[in-house]
Protein chains: 2
Amino acid sequence: MLNGSELVKPAIRTRVEEAIKSLNYIPHDAARSLASRRTKTLGAILPTLNNAIFAEGINAFERTARDKGYTLVLSISNYDLDDERHLVRKMIERGVDGLLLIGNDHHPDSFEGLRQAGVQHVCAWTHVPDPPAANVGFSNAAAMVDLIDHLVAFGHRRIGMLAGLTAANDRARERVHGARKRLADHGLALPDERVMEIPYSVRAARQAFPKFAEHAVTALVCGNDVIAIGVLLEALKRGVCVPGDLSITGFDNLTLSGELQPAITTVEVLAETMGASAANLLINALEDHRPVESLQLPTRLVVRETTGPAPI
Amino acid sequence: MLNGSELVKPAIRTRVEEAIKSLNYIPHDAARSLASRRTKTLGAILPTLNNAIFAEGINAFERTARDKGYTLVLSISNYDLDDERHLVRKMIERGVDGLLLIGNDHHPDSFEGLRQAGVQHVCAWTHVPDPPAANVGFSNAAAMVDLIDHLVAFGHRRIGMLAGLTAANDRARERVHGARKRLADHGLALPDERVMEIPYSVRAARQAFPKFAEHAVTALVCGNDVIAIGVLLEALKRGVCVPGDLSITGFDNLTLSGELQPAITTVEVLAETMGASAANLLINALEDHRPVESLQLPTRLVVRETTGPAPI
DNA sequence: CTGAAAGCGCTAACAA
DNA sequence: TTGTTAGCGCTTTCAG
């Protein structure tokens with residue numbers, strides 16, 4: 001009997017497998033989810049897809065998730081925390097097993113809903129000492145240290161910053177804070193009038209550029225590479241010599257930043273690693289039934305051609 | 001009694017709604033899907049997210065779908081049709097109500113699986129006379145007509161093409177076909193040795209550029225703007241005058257193409273409209289229980305500064 | 001118009 | 001080990 005069953009089993013298995021193939025059976029995930037109480041789905045809410053750096057990160061997140069049998073549900077918040085709140089709720093209804101958020105700035109309801117529903121989540125693209133949820137990312141503030149030191153070493157004293165919109169964006173805010181703090185360490189100031197906030201767009205950066213002429217800065221720290229590219233292009237167009245008359249720095253190290261001429265000095269961010277790690281940490285936490293671990297990733301100053309000695 | 005019930009109803013409704021709020025009730029989509037046999041989910045399989053043009057399209061697709069109550073499930077195929085086949089199957093298991101695919105090049109199993117499962121789908125970014133599924137897009141071949149005419153009008157006779165990889169990419173193939181066909185209309189040839197295929201990357205384009213020196217072309221038609229940007233940057237670096245010594249054209253009209261100096265002559269593609277339309281057509285078909293309609297969108301030649309008279 | 005009951009197609013717990 | 005059964009939380013159908 002035992003032998004019998006062992007002999008029959010493979011035969012039956014084969015027949016079943018044949019049947020599955022020939023009938024072209026496709027399992028029904030909704031039924032499976034309802035019965036097993038897990039969806040094998042990971043959600044991600046990004047502020048935008050227009051920035052190549054997020055595209056790269058989500059790409060890695062999706063690939064990693066897929067390799068482990070998870071599917072990606074994606075939503076875009078357009079940097080609107082109120083909209084994001086609704087998206088978070090939708091994600092919970094959807095029954096995502098885990099959720100990826102960008103940054104630590106979120107509506108209290110978002111965190112509360114996630115907690116109540118018991119949905120694991122991680123906030124990427126940032127890493128701070130006391131995060132409201134697990135952080136997988138880098139310190140946006142600390143990343144400015146080497147950058148500012150580099151500029152100061154070149155003799156820059158009057159530095160301006162063309163930052164991203166900081167209102168609903170802790171990363172942008174941290175970059176300003178980080179720059180200001182490090183300048184203070186050098187006994188230098190970054191007064192409010194020399195900090196301007198604009199959307200992350202080439203066009204906005206070009207338009208904003210002339211405003212800095214009046215401030216006579218010798219170096220312009222940009223909130224990210226998109227802004228830096230806009231500034232560089234506009235400076236070149238106006239005959240401003242870079243870095244002769246003006247030094248420019250970016251943030252993110254987009255592919256293009258290294259290709260332009262002059263190539264842009266910037267901060268490298270490990271977008272791919274962040275995306276992949278976020279997925280891995282989320283999935284590990286899910287499978288082991290424990291909280292998501294935080295992970296701090298390094299940044300690296302990439303010195304290229306848009307920074308040089310301050311003009312006298 | 002009738003009156004009574006009508007009086008009681010609102011009261012009850014109010015109480016229920018209160019209960020819903022106070023208990024923080026969240027509906028369970030998997031159960032709903034299982035019972036209603038629809039998931040209110042749209043799938044999308046993109047070849048990549050690295051190209052800003054796809055990011056823009058999927059952005060619009062997601063927003064449109066969300067506005068109509070649908071959620072986006074996203075996968076990336078990395079231009080691999082075999083991988084895509086598995087992703088399609090996953091999408092079917094996931095129970096997506098509708099699916100967005102890019103281009104008409106797909107594994108036969110993909111189409112067959114979709115048909116068998118009765119999953120509505122649409123192929124975007126292309127529009128051909130006899131598509132294997134509904135097409136929401138533009139004619140990649142016809143888009144080259146104005147472009148080639150423009151070049152020929154400038155006196156160009158020896159034209160080369162730096163195309164994308166055509167093997168699993170009907171859009172890239174159509175662009176080559178379209179260019180060659182229109183050149184033939186002018187009595188000009190685009191021989192194979194003057195067509196080179198490379199991945200859509202700035203780096204690859206820069207490396208490929210020198211190969212065209214030997215062919216002494218006066219104009220280089222690029223498969224997309226990413227390639228055109230690479231070619232432009234490399235030409236400038238080598239002291240090649242654009243468009244004095246060489247005319248360059250792109251395809252897609254990325255934001256950046258209009259910002260560089262010289263600004264790139266290219267073909268505008270309505271990525272946002274395509275994404276939004278794909279979602280709308282898919283959803284309309286789903287709700288009205290009829291096949292997905294095709295939609296042809298126009299392209300437009302954007303003449304800028306990288307094209308000019310052929311050198312003598 | 002309201003309310004009860006029967007599944008949707010799976011998984012998981014349990015019995016044999 | 002294998003087979004059976006009871007739900008998972010909704011929608012939908014069918015009485016009332």
# chains A, B, ... in the order shown; residues from 1 in each chain; ligands from 1

$ interface_residues --of "chain A" --to "chain C" --cutoff "7 Å" --atoms "only C-alpha atoms (C1' of nucleotides)" --output "ChimeraX atom specification"
/A:28,31-32,35-36

$ write_last_selection --atoms "all heavy atoms" --output "compact mmCIF listing (two decimals), in the first residue's frame"
# COMPACT_ATOMS: atom_id res chain seq x y z
N HIS A 28 -6.00 31.41 -9.92
CA HIS A 28 -6.76 32.63 -9.71
C HIS A 28 -6.25 33.34 -8.46
O HIS A 28 -6.54 32.95 -7.34
CB HIS A 28 -8.24 32.27 -9.55
CG HIS A 28 -9.16 33.44 -9.64
ND1 HIS A 28 -9.12 34.46 -8.73
CD2 HIS A 28 -10.12 33.76 -10.52
CE1 HIS A 28 -10.05 35.36 -9.05
NE2 HIS A 28 -10.66 34.95 -10.15
N ALA A 31 -8.62 34.60 -5.54
CA ALA A 31 -9.09 33.54 -4.66
C ALA A 31 -7.97 33.11 -3.71
O ALA A 31 -8.17 32.93 -2.52
CB ALA A 31 -9.56 32.34 -5.49
N ARG A 32 -6.79 33.00 -4.28
CA ARG A 32 -5.64 32.62 -3.47
C ARG A 32 -5.38 33.65 -2.38
O ARG A 32 -5.15 33.30 -1.21
CB ARG A 32 -4.42 32.50 -4.38
CG ARG A 32 -3.14 32.25 -3.64
CD ARG A 32 -1.99 32.05 -4.61
NE ARG A 32 -2.15 30.82 -5.39
CZ ARG A 32 -1.42 30.53 -6.46
NH1 ARG A 32 -0.51 31.36 -6.88
NH2 ARG A 32 -1.61 29.40 -7.10
N ALA A 35 -8.02 33.46 0.40
CA ALA A 35 -7.87 32.28 1.26
C ALA A 35 -6.59 32.34 2.09
O ALA A 35 -6.59 31.99 3.26
CB ALA A 35 -7.89 31.02 0.41
N SER A 36 -5.51 32.80 1.47
CA SER A 36 -4.22 32.74 2.18
C SER A 36 -3.95 34.01 2.97
O SER A 36 -3.02 34.05 3.76
CB SER A 36 -3.09 32.52 1.17
OG SER A 36 -2.96 33.64 0.34

$ select_by_dssp --residues "region 147-178 of chain B" --states "helix (DSSP H, G or I)" --output "JSON, numbers by chain"
{"B": [147, 148, 149, 150, 151, 152, 153, 170, 171, 172, 173, 174, 175, 176, 177, 178]}

$ write_last_selection --atoms "all heavy atoms" --output "compact mmCIF listing (two decimals), in the first residue's frame"
# COMPACT_ATOMS: atom_id res chain seq x y z
N LEU B 147 10.51 64.19 -41.82
CA LEU B 147 11.89 64.30 -41.37
C LEU B 147 12.86 64.15 -42.55
O LEU B 147 13.78 64.96 -42.72
CB LEU B 147 12.16 63.22 -40.32
CG LEU B 147 13.52 63.27 -39.65
CD1 LEU B 147 13.50 64.30 -38.53
CD2 LEU B 147 13.89 61.91 -39.07
N ILE B 148 12.64 63.13 -43.34
CA ILE B 148 13.51 62.89 -44.50
C ILE B 148 13.35 64.02 -45.53
O ILE B 148 14.34 64.53 -46.07
CB ILE B 148 13.18 61.52 -45.15
CG1 ILE B 148 13.56 60.38 -44.18
CG2 ILE B 148 13.90 61.36 -46.48
CD1 ILE B 148 15.03 60.29 -43.85
N ASP B 149 12.13 64.43 -45.75
CA ASP B 149 11.89 65.53 -46.68
C ASP B 149 12.66 66.78 -46.26
O ASP B 149 13.26 67.48 -47.08
CB ASP B 149 10.39 65.86 -46.74
CG ASP B 149 9.60 64.78 -47.49
OD1 ASP B 149 10.23 63.82 -47.99
OD2 ASP B 149 8.36 64.89 -47.56
N HIS B 150 12.62 67.02 -44.98
CA HIS B 150 13.32 68.18 -44.41
C HIS B 150 14.81 68.10 -44.71
O HIS B 150 15.43 69.08 -45.16
CB HIS B 150 13.05 68.19 -42.90
CG HIS B 150 13.88 69.15 -42.12
ND1 HIS B 150 13.77 70.52 -42.24
CD2 HIS B 150 14.83 68.93 -41.18
CE1 HIS B 150 14.63 71.10 -41.41
NE2 HIS B 150 15.28 70.16 -40.75
N LEU B 151 15.38 66.94 -44.48
CA LEU B 151 16.81 66.73 -44.73
C LEU B 151 17.14 66.86 -46.22
O LEU B 151 18.13 67.50 -46.61
CB LEU B 151 17.20 65.33 -44.22
CG LEU B 151 18.01 65.15 -42.93
CD1 LEU B 151 18.00 66.37 -42.02
CD2 LEU B 151 17.55 63.90 -42.19
N VAL B 152 16.31 66.24 -47.04
CA VAL B 152 16.56 66.26 -48.49
C VAL B 152 16.44 67.70 -49.02
O VAL B 152 17.22 68.13 -49.87
CB VAL B 152 15.59 65.31 -49.22
CG1 VAL B 152 15.69 65.51 -50.73
CG2 VAL B 152 15.91 63.86 -48.84
N ALA B 153 15.48 68.43 -48.47
CA ALA B 153 15.30 69.82 -48.90
C ALA B 153 16.54 70.65 -48.59
O ALA B 153 16.85 71.62 -49.28
CB ALA B 153 14.07 70.42 -48.21
N ASP B 170 9.55 46.53 -32.99
CA ASP B 170 8.92 46.92 -34.25
C ASP B 170 8.96 48.42 -34.47
O ASP B 170 9.00 48.89 -35.60
CB ASP B 170 7.47 46.42 -34.30
CG ASP B 170 6.66 46.87 -33.10
OD1 ASP B 170 7.16 46.78 -31.97
OD2 ASP B 170 5.51 47.33 -33.28
N ARG B 171 8.94 49.20 -33.38
CA ARG B 171 8.98 50.65 -33.55
C ARG B 171 10.31 51.07 -34.17
O ARG B 171 10.35 51.85 -35.13
CB ARG B 171 8.82 51.38 -32.20
CG ARG B 171 7.42 51.33 -31.63
CD ARG B 171 7.22 50.14 -30.75
NE ARG B 171 8.10 50.09 -29.59
CZ ARG B 171 8.55 48.98 -29.04
NH1 ARG B 171 8.25 47.79 -29.54
NH2 ARG B 171 9.32 49.02 -27.97
N ALA B 172 11.40 50.53 -33.64
CA ALA B 172 12.73 50.85 -34.17
C ALA B 172 12.83 50.42 -35.64
O ALA B 172 13.36 51.15 -36.48
CB ALA B 172 13.80 50.16 -33.34
N ARG B 173 12.27 49.25 -35.92
CA ARG B 173 12.32 48.72 -37.27
C ARG B 173 11.54 49.61 -38.24
O ARG B 173 11.99 49.92 -39.34
CB ARG B 173 11.71 47.31 -37.26
CG ARG B 173 12.40 46.32 -38.13
CD ARG B 173 12.15 44.91 -37.66
NE ARG B 173 10.78 44.61 -37.35
CZ ARG B 173 10.38 43.98 -36.25
NH1 ARG B 173 11.26 43.57 -35.36
NH2 ARG B 173 9.11 43.74 -36.05
N GLU B 174 10.39 50.02 -37.80
CA GLU B 174 9.54 50.87 -38.63
C GLU B 174 10.19 52.21 -38.94
O GLU B 174 9.99 52.78 -40.01
CB GLU B 174 8.20 51.12 -37.92
CG GLU B 174 7.28 49.93 -37.89
CD GLU B 174 6.44 49.85 -39.14
OE1 GLU B 174 5.63 50.77 -39.35
OE2 GLU B 174 6.61 48.90 -39.92
N ARG B 175 10.94 52.68 -37.98
CA ARG B 175 11.60 53.97 -38.21
C ARG B 175 12.66 53.83 -39.29
O ARG B 175 12.83 54.71 -40.14
CB ARG B 175 12.20 54.50 -36.90
CG ARG B 175 11.12 54.94 -35.93
CD ARG B 175 11.63 55.38 -34.56
NE ARG B 175 10.51 55.37 -33.61
CZ ARG B 175 10.61 55.62 -32.31
NH1 ARG B 175 11.79 55.89 -31.77
NH2 ARG B 175 9.54 55.58 -31.54
N VAL B 176 13.37 52.71 -39.29
CA VAL B 176 14.36 52.47 -40.34
C VAL B 176 13.66 52.29 -41.69
O VAL B 176 14.02 52.93 -42.69
CB VAL B 176 15.22 51.22 -40.03
CG1 VAL B 176 16.20 50.95 -41.16
CG2 VAL B 176 15.97 51.41 -38.71
N HIS B 177 12.65 51.45 -41.69
CA HIS B 177 11.88 51.22 -42.92
C HIS B 177 11.34 52.52 -43.48
O HIS B 177 11.42 52.79 -44.67
CB HIS B 177 10.70 50.28 -42.66
CG HIS B 177 11.10 48.86 -42.50
ND1 HIS B 177 10.24 47.89 -42.01
CD2 HIS B 177 12.26 48.23 -42.76
CE1 HIS B 177 10.88 46.75 -41.97
NE2 HIS B 177 12.10 46.92 -42.42
N GLY B 178 10.74 53.29 -42.60
CA GLY B 178 10.12 54.55 -43.02
C GLY B 178 11.14 55.49 -43.64
O GLY B 178 10.87 56.12 -44.68

$ interface_residues --of "chain D" --to "chain A" --cutoff "10 Å" --atoms "only C-alpha atoms (C1' of nucleotides)" --output "list in words"
DT1, DT2, DG7, DC8, DG9 and DC10 of chain D

$ select_by_dssp --residues "region 66-275 of chain A" --states "strand (DSSP E)" --output "PyMOL selection string"
chain A and resi 71-76+98-102+120-124+134-137+159-163+195-197+219-222+247-249+266-268

$ interface_residues --of "chain B" --to "chain A" --cutoff "6 Å" --atoms "only C-alpha atoms" --output "list in words"
Pro27, His28, Asp29, Ala30, Ala31, Leu34, Leu49, Ala55, Leu72, Val73, Leu74, Glu93 and Arg94 of chain B

$ write_last_selection --atoms "C-alpha atoms" --output "mmCIF file, in the first residue's frame"
data_model
loop_
_atom_site.group_PDB
_atom_site.id
_atom_site.type_symbol
_atom_site.label_atom_id
_atom_site.label_comp_id
_atom_site.auth_asym_id
_atom_site.auth_seq_id
_atom_site.Cartn_x
_atom_site.Cartn_y
_atom_site.Cartn_z
ATOM 1 C CA PRO B 27 -13.044 46.997 2.146
ATOM 2 C CA HIS B 28 -11.213 43.893 1.049
ATOM 3 C CA ASP B 29 -10.447 44.052 -2.634
ATOM 4 C CA ALA B 30 -9.474 40.420 -3.045
ATOM 5 C CA ALA B 31 -12.842 39.281 -1.746
ATOM 6 C CA LEU B 34 -13.379 37.061 -6.322
ATOM 7 C CA LEU B 49 11.499 52.944 -17.524
ATOM 8 C CA ALA B 55 7.833 57.321 -17.940
ATOM 9 C CA LEU B 72 -1.963 49.996 -12.052
ATOM 10 C CA VAL B 73 0.133 46.853 -11.933
ATOM 11 C CA LEU B 74 3.460 47.466 -13.627
ATOM 12 C CA GLU B 93 -3.144 35.253 -13.071
ATOM 13 C CA ARG B 94 -3.287 38.556 -11.298
#

$ atom_distance --atom1 "CA of Pro47 (chain B)" --atom2 "CA of Tyr79 (chain B)"
4.6 Å

$ residues_around --residues "Thr299 (chain A)" --least-positions-apart "2" --cutoff "7 Å" --atoms "only C-alpha atoms (C1' of nucleotides)" --output "PyMOL selection string"
chain A and resi 138+143+267-269+297+301

$ write_last_selection --atoms "all heavy atoms" --output "PDB file, in the first residue's frame"
ATOM      1  N   PHE A 138      19.892  57.264   2.153  1.00  0.00           N
ATOM      2  CA  PHE A 138      21.112  57.966   2.531  1.00  0.00           C
ATOM      3  C   PHE A 138      20.723  59.232   3.284  1.00  0.00           C
ATOM      4  O   PHE A 138      19.563  59.658   3.252  1.00  0.00           O
ATOM      5  CB  PHE A 138      21.900  58.330   1.272  1.00  0.00           C
ATOM      6  CG  PHE A 138      21.060  59.073   0.274  1.00  0.00           C
ATOM      7  CD1 PHE A 138      20.998  60.453   0.297  1.00  0.00           C
ATOM      8  CD2 PHE A 138      20.303  58.385  -0.686  1.00  0.00           C
ATOM      9  CE1 PHE A 138      20.213  61.145  -0.607  1.00  0.00           C
ATOM     10  CE2 PHE A 138      19.510  59.077  -1.602  1.00  0.00           C
ATOM     11  CZ  PHE A 138      19.463  60.458  -1.560  1.00  0.00           C
ATOM     12  N   ALA A 143      25.145  64.270   2.989  1.00  0.00           N
ATOM     13  CA  ALA A 143      25.683  64.250   1.629  1.00  0.00           C
ATOM     14  C   ALA A 143      26.252  65.607   1.227  1.00  0.00           C
ATOM     15  O   ALA A 143      27.118  65.699   0.355  1.00  0.00           O
ATOM     16  CB  ALA A 143      24.592  63.837   0.646  1.00  0.00           C
ATOM     17  N   VAL A 267      26.520  64.665  -6.560  1.00  0.00           N
ATOM     18  CA  VAL A 267      26.568  63.660  -5.503  1.00  0.00           C
ATOM     19  C   VAL A 267      25.952  62.378  -6.032  1.00  0.00           C
ATOM     20  O   VAL A 267      24.804  62.373  -6.492  1.00  0.00           O
ATOM     21  CB  VAL A 267      25.786  64.130  -4.260  1.00  0.00           C
ATOM     22  CG1 VAL A 267      25.724  63.009  -3.227  1.00  0.00           C
ATOM     23  CG2 VAL A 267      26.425  65.374  -3.657  1.00  0.00           C
ATOM     24  N   GLU A 268      26.711  61.317  -5.980  1.00  0.00           N
ATOM     25  CA  GLU A 268      26.195  60.046  -6.465  1.00  0.00           C
ATOM     26  C   GLU A 268      25.290  59.412  -5.427  1.00  0.00           C
ATOM     27  O   GLU A 268      25.591  59.386  -4.231  1.00  0.00           O
ATOM     28  CB  GLU A 268      27.350  59.093  -6.769  1.00  0.00           C
ATOM     29  CG  GLU A 268      26.896  57.746  -7.265  1.00  0.00           C
ATOM     30  CD  GLU A 268      28.050  56.767  -7.312  1.00  0.00           C
ATOM     31  OE1 GLU A 268      28.520  56.346  -6.226  1.00  0.00           O
ATOM     32  OE2 GLU A 268      28.494  56.442  -8.417  1.00  0.00           O
ATOM     33  N   VAL A 269      24.195  58.891  -5.912  1.00  0.00           N
ATOM     34  CA  VAL A 269      23.194  58.274  -5.060  1.00  0.00           C
ATOM     35  C   VAL A 269      22.945  56.876  -5.615  1.00  0.00           C
ATOM     36  O   VAL A 269      22.862  56.697  -6.826  1.00  0.00           O
ATOM     37  CB  VAL A 269      21.930  59.168  -5.136  1.00  0.00           C
ATOM     38  CG1 VAL A 269      20.687  58.364  -5.047  1.00  0.00           C
ATOM     39  CG2 VAL A 269      22.004  60.253  -4.083  1.00  0.00           C
ATOM     40  N   LEU A 297      22.671  53.843   3.228  1.00  0.00           N
ATOM     41  CA  LEU A 297      23.550  53.727   2.074  1.00  0.00           C
ATOM     42  C   LEU A 297      24.419  54.974   1.984  1.00  0.00           C
ATOM     43  O   LEU A 297      24.004  56.057   2.393  1.00  0.00           O
ATOM     44  CB  LEU A 297      22.708  53.616   0.810  1.00  0.00           C
ATOM     45  CG  LEU A 297      22.418  52.234   0.216  1.00  0.00           C
ATOM     46  CD1 LEU A 297      22.623  51.096   1.177  1.00  0.00           C
ATOM     47  CD2 LEU A 297      21.020  52.201  -0.376  1.00  0.00           C
ATOM     48  N   LEU A 301      30.723  62.124  -3.356  1.00  0.00           N
ATOM     49  CA  LEU A 301      30.914  63.346  -4.146  1.00  0.00           C
ATOM     50  C   LEU A 301      31.625  62.988  -5.438  1.00  0.00           C
ATOM     51  O   LEU A 301      32.671  62.342  -5.420  1.00  0.00           O
ATOM     52  CB  LEU A 301      31.756  64.353  -3.354  1.00  0.00           C
ATOM     53  CG  LEU A 301      32.126  65.625  -4.119  1.00  0.00           C
ATOM     54  CD1 LEU A 301      30.892  66.471  -4.393  1.00  0.00           C
ATOM     55  CD2 LEU A 301      33.172  66.428  -3.344  1.00  0.00           C
TER      56      LEU A 301
END

$ closest_residue --among "A:Ile45, A:Ala228, A:Leu99, A:Leu165" --to "His121 (chain A)" --atoms "only C-alpha atoms"
A:Leu99

$ residues_around --residues "region 133-136 of chain A" --least-positions-apart "3" --cutoff "10 Å" --atoms "only C-alpha atoms (C1' of nucleotides)" --output "ChimeraX atom specification"
/A:100-104,111,120-130,139,273-275,277-279,281-282,291-297

$ write_last_selection --atoms "N, CA, C and O atoms" --output "short mmCIF file (atom, residue, chain, number, x, y, z; two decimals), in the first residue's frame"
data_model
loop_
_atom_site.label_atom_id
_atom_site.label_comp_id
_atom_site.auth_asym_id
_atom_site.auth_seq_id
_atom_site.Cartn_x
_atom_site.Cartn_y
_atom_site.Cartn_z
N LEU A 100 6.20 50.71 -0.38
CA LEU A 100 7.36 51.59 -0.49
C LEU A 100 6.89 53.03 -0.63
O LEU A 100 6.08 53.36 -1.49
N LEU A 101 7.43 53.89 0.24
CA LEU A 101 7.12 55.31 0.18
C LEU A 101 8.45 56.04 -0.01
O LEU A 101 9.50 55.52 0.34
N ILE A 102 8.39 57.24 -0.55
CA ILE A 102 9.62 58.02 -0.72
C ILE A 102 9.67 59.12 0.33
O ILE A 102 8.73 59.91 0.45
N GLY A 103 10.77 59.17 1.05
CA GLY A 103 10.95 60.21 2.06
C GLY A 103 10.16 59.95 3.33
O GLY A 103 9.41 58.98 3.42
N ASN A 104 10.35 60.83 4.29
CA ASN A 104 9.68 60.66 5.58
C ASN A 104 8.51 61.61 5.79
O ASN A 104 7.81 61.54 6.79
N PHE A 111 0.48 56.99 7.92
CA PHE A 111 1.17 56.11 8.85
C PHE A 111 0.17 55.35 9.73
O PHE A 111 0.31 54.16 9.96
N GLN A 120 3.26 46.32 6.36
CA GLN A 120 4.67 46.68 6.48
C GLN A 120 5.02 47.74 5.45
O GLN A 120 4.51 47.73 4.33
N HIS A 121 5.89 48.64 5.83
CA HIS A 121 6.27 49.68 4.88
C HIS A 121 7.66 50.21 5.15
O HIS A 121 8.21 50.03 6.23
N VAL A 122 8.21 50.85 4.14
CA VAL A 122 9.55 51.39 4.26
C VAL A 122 9.60 52.73 3.52
O VAL A 122 8.94 52.91 2.50
N CYS A 123 10.32 53.67 4.11
CA CYS A 123 10.49 54.97 3.48
C CYS A 123 11.90 55.06 2.91
O CYS A 123 12.88 54.96 3.66
N ALA A 124 11.99 55.23 1.62
CA ALA A 124 13.29 55.22 0.97
C ALA A 124 13.76 56.62 0.62
O ALA A 124 13.04 57.59 0.82
N TRP A 125 14.98 56.69 0.11
CA TRP A 125 15.56 57.95 -0.37
C TRP A 125 15.95 58.88 0.76
O TRP A 125 16.21 60.05 0.58
N THR A 126 15.95 58.35 1.96
CA THR A 126 16.35 59.16 3.09
C THR A 126 16.78 58.23 4.22
O THR A 126 16.39 57.07 4.27
N HIS A 127 17.59 58.76 5.09
CA HIS A 127 17.98 58.01 6.28
C HIS A 127 18.25 59.01 7.38
O HIS A 127 19.20 59.78 7.29
N VAL A 128 17.42 58.98 8.40
CA VAL A 128 17.61 59.91 9.51
C VAL A 128 17.64 59.10 10.80
O VAL A 128 17.23 57.94 10.83
N PRO A 129 18.14 59.73 11.88
CA PRO A 129 18.29 59.02 13.15
C PRO A 129 16.99 58.42 13.70
O PRO A 129 16.96 57.28 14.10
N ASP A 130 15.92 59.23 13.74
CA ASP A 130 14.67 58.72 14.31
C ASP A 130 13.53 58.75 13.30
O ASP A 130 12.63 59.58 13.40
N SER A 139 21.70 59.83 3.95
CA SER A 139 21.44 61.09 4.64
C SER A 139 21.58 62.24 3.66
O SER A 139 22.68 62.57 3.21
N THR A 273 20.54 50.31 -5.93
CA THR A 273 20.71 49.59 -4.68
C THR A 273 19.56 49.90 -3.72
O THR A 273 19.05 49.00 -3.02
N MET A 274 19.16 51.15 -3.71
CA MET A 274 18.06 51.54 -2.82
C MET A 274 16.78 50.80 -3.17
O MET A 274 16.08 50.27 -2.30
N GLY A 275 16.47 50.78 -4.46
CA GLY A 275 15.26 50.12 -4.91
C GLY A 275 15.28 48.64 -4.59
O GLY A 275 14.32 48.07 -4.04
N SER A 277 17.20 47.07 -2.40
CA SER A 277 17.24 46.84 -0.95
C SER A 277 15.88 47.03 -0.32
O SER A 277 15.48 46.28 0.59
N ALA A 278 15.17 48.04 -0.76
CA ALA A 278 13.84 48.29 -0.21
C ALA A 278 12.96 47.06 -0.41
O ALA A 278 12.27 46.61 0.50
N ALA A 279 13.03 46.49 -1.60
CA ALA A 279 12.22 45.30 -1.89
C ALA A 279 12.68 44.14 -1.02
O ALA A 279 11.86 43.44 -0.40
N LEU A 281 14.34 44.11 1.87
CA LEU A 281 14.07 44.29 3.29
C LEU A 281 12.59 44.12 3.59
O LEU A 281 12.21 43.54 4.61
N LEU A 282 11.77 44.61 2.70
CA LEU A 282 10.33 44.48 2.87
C LEU A 282 9.93 43.01 2.84
O LEU A 282 9.21 42.51 3.72
N PRO A 291 9.70 43.28 12.05
CA PRO A 291 9.69 44.63 11.50
C PRO A 291 10.73 44.82 10.40
O PRO A 291 11.74 44.09 10.37
N VAL A 292 10.49 45.76 9.54
CA VAL A 292 11.42 46.05 8.46
C VAL A 292 12.68 46.70 9.03
O VAL A 292 12.59 47.59 9.87
N GLU A 293 13.81 46.25 8.59
CA GLU A 293 15.07 46.84 9.02
C GLU A 293 15.38 48.10 8.23
O GLU A 293 15.04 48.19 7.06
N SER A 294 16.07 49.03 8.85
CA SER A 294 16.53 50.21 8.13
C SER A 294 17.90 49.92 7.54
O SER A 294 18.60 49.01 7.99
N LEU A 295 18.24 50.67 6.54
CA LEU A 295 19.54 50.48 5.91
C LEU A 295 20.07 51.82 5.46
O LEU A 295 19.38 52.57 4.77
N GLN A 296 21.29 52.13 5.89
CA GLN A 296 21.88 53.39 5.42
C GLN A 296 22.86 53.14 4.30
O GLN A 296 23.78 52.33 4.43
N LEU A 297 22.67 53.84 3.23
CA LEU A 297 23.55 53.73 2.07
C LEU A 297 24.42 54.97 1.98
O LEU A 297 24.00 56.06 2.39
#

$ residues_around --residues "Val302 (chain B)" --least-positions-apart "3" --cutoff "12 Å" --atoms "only C-alpha atoms (C1' of nucleotides)" --output "list in words"
Ala143, Met144, Asp146, Leu147, His150, Thr249, Gly250, Phe251, Asp252, Asn253, Leu254, Ser257, Gly258, Ala263, Ile264, Thr265, Thr266, Val267, Glu268, Val269, Thr299, Glu305, Thr306 and Thr307 of chain B

$ atom_distance --atom1 "CA of Val231 (chain A)" --atom2 "CA of Gln207 (chain A)"
8.7 Å
